[in-house]
Structure formats: structure tokens, C-alpha cells
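**Student:** Just passing along the structure, written as C-alpha cells.
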Amino acid sequence: MSSTSPATRAAAAHHPELALSGVRPAIGRIPLENISSLARGGFGDRDIIPLWFGEGDVAAPPFIAEAMTRAIAAGEVFYTHQNGIPALRQALATYLSGLGQRAITADRITVTASGMYAIMLAVQLIAEPGDSILVIDPVWPNMGGMAQLVGANVRSVCMDHGPGGWTLDVDKVAAAIDPTVKAVFYASPGNPTGAMIPMATQGALLDLCRRRGVWLIADEVYNRLAFGRRAADTILDLAEPEDRVLVINSFSKSWAMTGWRLGWLTHPPSLGPTLAMAVQYTTSGVTTFLQHAGVAAVEEGEPFVAFMRDYCQNGVEIVCDALEGFGRVRLGPRPAAGMYAFFEVDGMPDARAACLDILAATQVGLAPGVFFGPGSESFLRLCVCRSPEVLRTAMGRLEKVLR
Ligand SMILES: Cc1ncc(COP(=O)(O)O)c(C=O)c1O
């Protein structure tokens with residue numbers, strides 16, 4: 001016999017959005033549209049050149065998958081350490097110590113199920129409903145989305161855009177920190193700007209956050225895709241271990257592992273047990289055998305990381321050479337790092353509408369600036385991490401509408 005009455009069943013059946021109306025209002029206020037939803041209609045369409053996402057056409061090298069299958073064969077298929085397997089935490093600590101100026105210890109690493117998950121942990125640690133996270137724009141939208149998921153507000157400070165490219169005025173950040181602000185978030189190298197925030201500016205941000213008692217969350221997911229150098233500057237060179245600084249990182253970009261969902265958070269050592277607790281109550285840990293793939297990537301992947309950096313730099317050159325020849329495009333200095341060109345087109349003030357028109361006319365998928373923060377509505381983002389042939393074809397198609 002059913003435990004519900006016919007009357008309550010009938011009421012539910014006739015209320016088409018009964019379940020949805022029970023979702024928290026803060027969630028209901030988050031727009032459903034994002035780059036993925038805009039692109040959904042084009043998924044699997046082989047005629048479309050998909051330059052709208054932050055991923056390329058290169059898969060992770062086979063030795064990484066081989067390490068994972070070896071781990072499965074060896075029985076690494078059970079629950080494991082909440083902060084990550086010791087081998088991967090140590091491999092990442094050694095890797096970071098070798099990249100920067102300071103030694104990073106393994107107790108400062110928590111392995112996460114993606115860079116995005118590292119952002120989620122950071123926000124959950126810091127923000128309560130009604131708090132604010134101050135986001136340096138233009139930036140990839142997911143930090144803002146995550147803040148909204150926990151009921152926090154998103155404040156924005158826009159970088160200045162001039163003939164020298166994108167620059168950050170730390171005084172504007174200082175002016176925007178009110179008592180509700182619990183963290184400042186920035187990405188360097190930037191997505192979508194490809195700009196690197198100079199070490200002196202990062203230091204000024206750190207000083208500001210120390211003085212005001214707020215967290216600094218640095219997203220360094222693109223730090224190995226810095227053109228012509230081994231790595232971009234890292235805040236880890238400036239921060240003391242117990243500073244309120246969290247650094248987001250990921251295997252997605254440098255090791256071409258977007259679909260693997262593996263990343264890490266570098267944090268003060270005192271947070272280790274708290275993060276272990278937070279992991280326990282969410283995923284209970286990152287897929288055990290995947291973490292062994294991560295060890296292989298970190299320990300043997302340097303040639304591949306260098307390849308990815310050069311691949312993106314070559315992509316930037318092909319795309320920017322073409323864009324600079326299109327009379328209506330305003331590009332500014334070429335990106336110094338990352339995977340993207342970010343530009344405006346005269347006569348196309350609404351980039352969202354422009355992306356849809358461009359897709360219909362050329363079958364090239366671009367991302368509109370509206371997703372990267374207030375002030376970017378007229379910009380288009382193009383991912384350059386594709387083969388030279390594909391990029392030349394894409395630019396040939398775009399010439400029809402952008403020249
Ligand atoms: C700036 C930035 N941070 C974090 C991420 C998230 O990376 P992951 O794929 O590991 O979630 C991305 C992905 O595009 C990104 O652009």
C-alpha cells in the first residue's frame with residue numbers, strides 16, 4: 001500500500017515545478033546560463049570548431065593512463081587518505097618546491113577532485129551566507145558561481161584595460177574590502193586575459209589581505225603555461241606557511257587532463273585536519289587509482305608540460321597574427337600565458353549575441369565576455385589550444401565576419 005494519500009499525490013502531479021520550488025532561493029538566483037549551457041547545442045557536432053571551452057585537442061600522454069591501470073591491477077581501488085595519498089602529496093610538495101623559491105611541505109597539500117573542487121573547499125572553509133568574496137575580474141566565472149552556491153555574495157573589482165594590457169590597481173581592491181568581505185580571489189595567469197599579475201602587485205595584495213584579516217585565494221591553474229619561461233610567479237614564494245593564503249591548482253591544463261578531474265589545494269599546514277573533515281563529508285577522498293596517475297604526471301610529465309606550453313604559445317601566435325589583420329578587432333598586447341585570446345570587435349557591443357551569430361555564420365564556437373564579470377560584456381574569448389591546422393581553418397572562417 002502506498003504511504004502517501006491520493007490527494008497529496010494528485011497535488012504533486014499537478015504542480016509541474018513542485019520540486020524546483022523547494023530549492024534554496026540563493027540557488028534559484030544563480031543564472032542557469034553559462035559557457036557549457038550555451039555550447040550544449042553544439043556538443044558532438046563535428047562541423048563546429050569548439051574554441052569556447054578551456055581545453056584543447058591534445059589528450060594526456062599514455063604513461064599517465066598506464067600508471068592508473070597499473071594501480072587498479074595492484075588493487076588500489078579502496079577508500080584512501082582524505083587529504084590525498086602520501087605519494088601524491090609528497091610528489092606535489094617536491095614539484096612545487098622545485099618550481100618556486102621556497103620549500104613546500106606535504107602537509108600543505110590536499111589532493112582534490114579537480115581544481116574546481118579545490119575552489120569549493122576554499123569557499124566552504126571561508127564563506128558563510130551573507131559574506132562576500134571579492135573577485136578580480138575579468139575572470140573565469142566558476143569562483144563566483146561557487147560563492148553563490150554557499151549563499152555568499154560576489155563583489156567585483158575589474159582590472160584596468162589599456163594599451164599596456166590588463167593591470168590591477170590594488171587601491172581599488174582596498175577600497176572594495178568592507179566587513180562582509182572574507183576573501184579576495186584572483187587568477188594569475190588569468191583566464192580569460194592571459195595576463196600575469198606581477199610579483200610586486202601580488203605582494204601588495206598579500207600585504208593588504210594581511211592588514212585587513214581576509215583570505216587571499218590565488219588560482220594558479222595556468223602557472224605552467226607561461227610563455228618563454230618555466231612557470232609564472234607564484235604567491236607561494238611570498239606567503240608564510242600560516243598566512244591566510246590558499247592556492248588552487250589542477251592537472252587539467254598543464255597535463256591535458258580536463259576529463260580526469262584531479263587538482264590540489266596548497267594551504268597552511270594547520271588546515272590539514274579541517275580539510276580532511278570537509279573532504280570526508282563531501283567525496284570522502286579522490287579516486288584512489290587516479291591519484292597514482294597524478295604521481296606519474298608530476299614525476300615524469302615535465303616534457304609534456306613543456307610541449308603544452310609551446311603548443312599554446314604557437315596557438316596564440318597563429319590566432320593573434322590573424323586577429324591583428326582583421327580591421328574591426330581590438331586585441332591589445334598578446335597574452336603572456338594561458339590558453340586564450342580575449343578581444344573586442346567594433347560594431348559588436350553585445351558579445352553574447354555576437355557569439356550566437358558567429359556560430360551560425362561560421363560554425364566556430366567562442367565564449368562571450370558576459371560570463372567573465374561586469375565590464376567584459378563586449379569581449380569574446382577564443383581558446384587557442386588546438387592544432388595549427390584547426391586554428392588556421394577557424395581563423396579563415398572567422399575572417400568572413402570579423403574583418
Ligand atoms: C582559472 C581556472 N581555475 C580553475 C579551473 C578549474 O580546473 P578544473 O578542470 O581542474 O576544475 C579552470 C578551468 O577552466 C580555470 O580556467
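Every chain in the C-alpha cells takes a letter, A first, then B, and so on in the order presented; its residues are numbered from 1, and the ligands are numbered from 1 following the presented order.
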Taking a cut-off of 8 Å and counting only C-alpha atoms and all ligand atoms, can you build a table that, for each residue of chain A near ligand 1, reports the nearest atom pair and how far apart they are in Å (one decimal), sorted by chain then residue number, as CSV?
**Tutor:**
residue,atom,partner,partner_atom_place_in_ligand_line,distance
A:Phe53,CA,ligand 1,14 (O),7.4
A:Gly54,CA,ligand 1,14 (O),5.0
A:Glu55,CA,ligand 1,14 (O),7.5
A:Ala113,CA,ligand 1,10 (O),7.6
A:Ser114,CA,ligand 1,10 (O),3.8
A:Gly115,CA,ligand 1,10 (O),3.4
A:Met116,CA,ligand 1,11 (O),3.7
A:Tyr117,CA,ligand 1,11 (O),6.5
A:Ile119,CA,ligand 1,4 (C),7.6
A:Val139,CA,ligand 1,1 (C),7.0
A:Trp140,CA,ligand 1,1 (C),5.6
A:Asn142,CA,ligand 1,4 (C),7.6
A:Ala187,CA,ligand 1,1 (C),5.7
A:Ser188,CA,ligand 1,1 (C),7.9
A:Pro189,CA,ligand 1,1 (C),8.0
A:Gly190,CA,ligand 1,1 (C),6.4
A:Asn191,CA,ligand 1,1 (C),5.1
A:Pro192,CA,ligand 1,16 (O),7.7
A:Asp219,CA,ligand 1,3 (N),5.8
A:Glu220,CA,ligand 1,3 (N),7.2
A:Val221,CA,ligand 1,3 (N),5.4
A:Tyr222,CA,ligand 1,1 (C),7.0
A:Ile248,CA,ligand 1,4 (C),7.1
A:Asn249,CA,ligand 1,4 (C),7.0
A:Ser250,CA,ligand 1,10 (O),4.4
A:Phe251,CA,ligand 1,10 (O),6.1
A:Ser252,CA,ligand 1,9 (O),4.9
A:Lys253,CA,ligand 1,9 (O),7.4
A:Met257,CA,ligand 1,9 (O),7.8
A:Thr258,CA,ligand 1,9 (O),5.0
A:Gly259,CA,ligand 1,9 (O),7.4
A:Arg261,CA,ligand 1,10 (O),5.8
A:Leu262,CA,ligand 1,10 (O),5.9
A:Gly263,CA,ligand 1,10 (O),5.4
**Student:** Using only C-alpha atoms, please write the residues we just selected to a file, as a compact mmCIF listing (two decimals), in the first residue's frame.
**Tutor:**
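Result file is selection-v6.txt:
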# COMPACT_ATOMS: atom_id res chain seq x y z
CA PHE A 53 35.98 25.90 -23.57
CA GLY A 54 39.30 25.93 -21.79
CA GLU A 55 40.59 22.70 -23.18
CA ALA A 113 38.73 16.02 -7.34
CA SER A 114 39.60 18.90 -9.75
CA GLY A 115 40.70 22.50 -9.43
CA MET A 116 37.01 23.35 -9.20
CA TYR A 117 36.71 21.13 -6.14
CA ILE A 119 37.75 26.17 -5.09
CA VAL A 139 37.93 36.04 -14.57
CA TRP A 140 36.54 32.63 -15.31
CA ASN A 142 33.20 29.49 -11.55
CA ALA A 187 43.82 34.10 -11.13
CA SER A 188 47.35 34.59 -12.43
CA PRO A 189 47.97 33.76 -15.22
CA GLY A 190 44.46 34.88 -16.00
CA ASN A 191 41.59 33.21 -17.74
CA PRO A 192 40.40 34.89 -19.99
CA ASP A 219 44.25 30.46 -8.76
CA GLU A 220 47.47 29.21 -10.36
CA VAL A 221 45.90 26.64 -12.68
CA TYR A 222 47.72 28.15 -15.71
CA ILE A 248 44.20 26.48 -6.36
CA ASN A 249 45.83 24.13 -8.86
CA SER A 250 44.80 21.45 -11.32
CA PHE A 251 46.02 18.71 -13.63
CA SER A 252 43.54 19.86 -16.28
CA LYS A 253 45.59 22.34 -18.27
CA MET A 257 43.67 16.08 -18.01
CA THR A 258 40.40 18.05 -18.06
CA GLY A 259 38.17 14.98 -18.00
CA ARG A 261 39.05 15.73 -12.61
CA LEU A 262 42.16 15.99 -10.48
CA GLY A 263 43.62 19.02 -8.73
**Student:** Between stretch 100-156 of chain A and stretch 162-168 of chain A, at 12 Å or less, what are the per-residue closest atom pairs and their distances in Å? Count only C-alpha atoms, order by chain and rising residue number, and return it as a tab-separated table.
**Tutor:**
residue	atom	partner	partner_atom	distance
A:Val135	CA	A:Leu168	CA	11.8
A:Ile136	CA	A:Leu168	CA	8.3
A:Asp137	CA	A:Leu168	CA	9.4
A:Pro138	CA	A:Trp166	CA	9.2
A:Val139	CA	A:Trp166	CA	11.6
**Student:** Using only C-alpha atoms, pick whichever of A:Ala360, A:Tyr281, A:Ala293, A:Pro198 has the shortest atom-to-atom distance to A:Asp169.
**Tutor:** A:Pro198
**Student:** Which polymer residues have any atom within 9 Å of an atom of A:Leu359, counting only C-alpha atoms, with same-chain residues fewer than 6 positions away left out, as a list in words?
**Tutor:** Ile48, Gly365 and Leu366 of chain A
**Student:** Just give me the gap between atom CA of A:Ser37 and atom CA of A:Leu51 in Å, one decimal is fine.
**Tutor:**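 Taking atom CA of A:Ser37 and atom CA of A:Leu51, their separation equals 14.5 Å.
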**Student:** Which one of A:Gly194, A:Gly294, A:Gly213, A:Gly369 sits closest to A:Ala67 if you count only C-alpha atoms?
**Tutor:**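 Answer, going by the shortest atom-to-atom distance: A:Gly294.
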**Student:** Could you check the closest approach to A:Ala336 for each of A:Leu265, A:Ala60, A:Val150, A:Ala195 and tell me which residue wins, using only C-alpha atoms?
**Tutor:** A:Ala195
**Student:** Would you mind telling me which residue in A:Thr80, A:Asn34, A:Leu246, A:Glu344 lies nearest to A:Leu331 when using only C-alpha atoms?
**Tutor:** A:Glu344
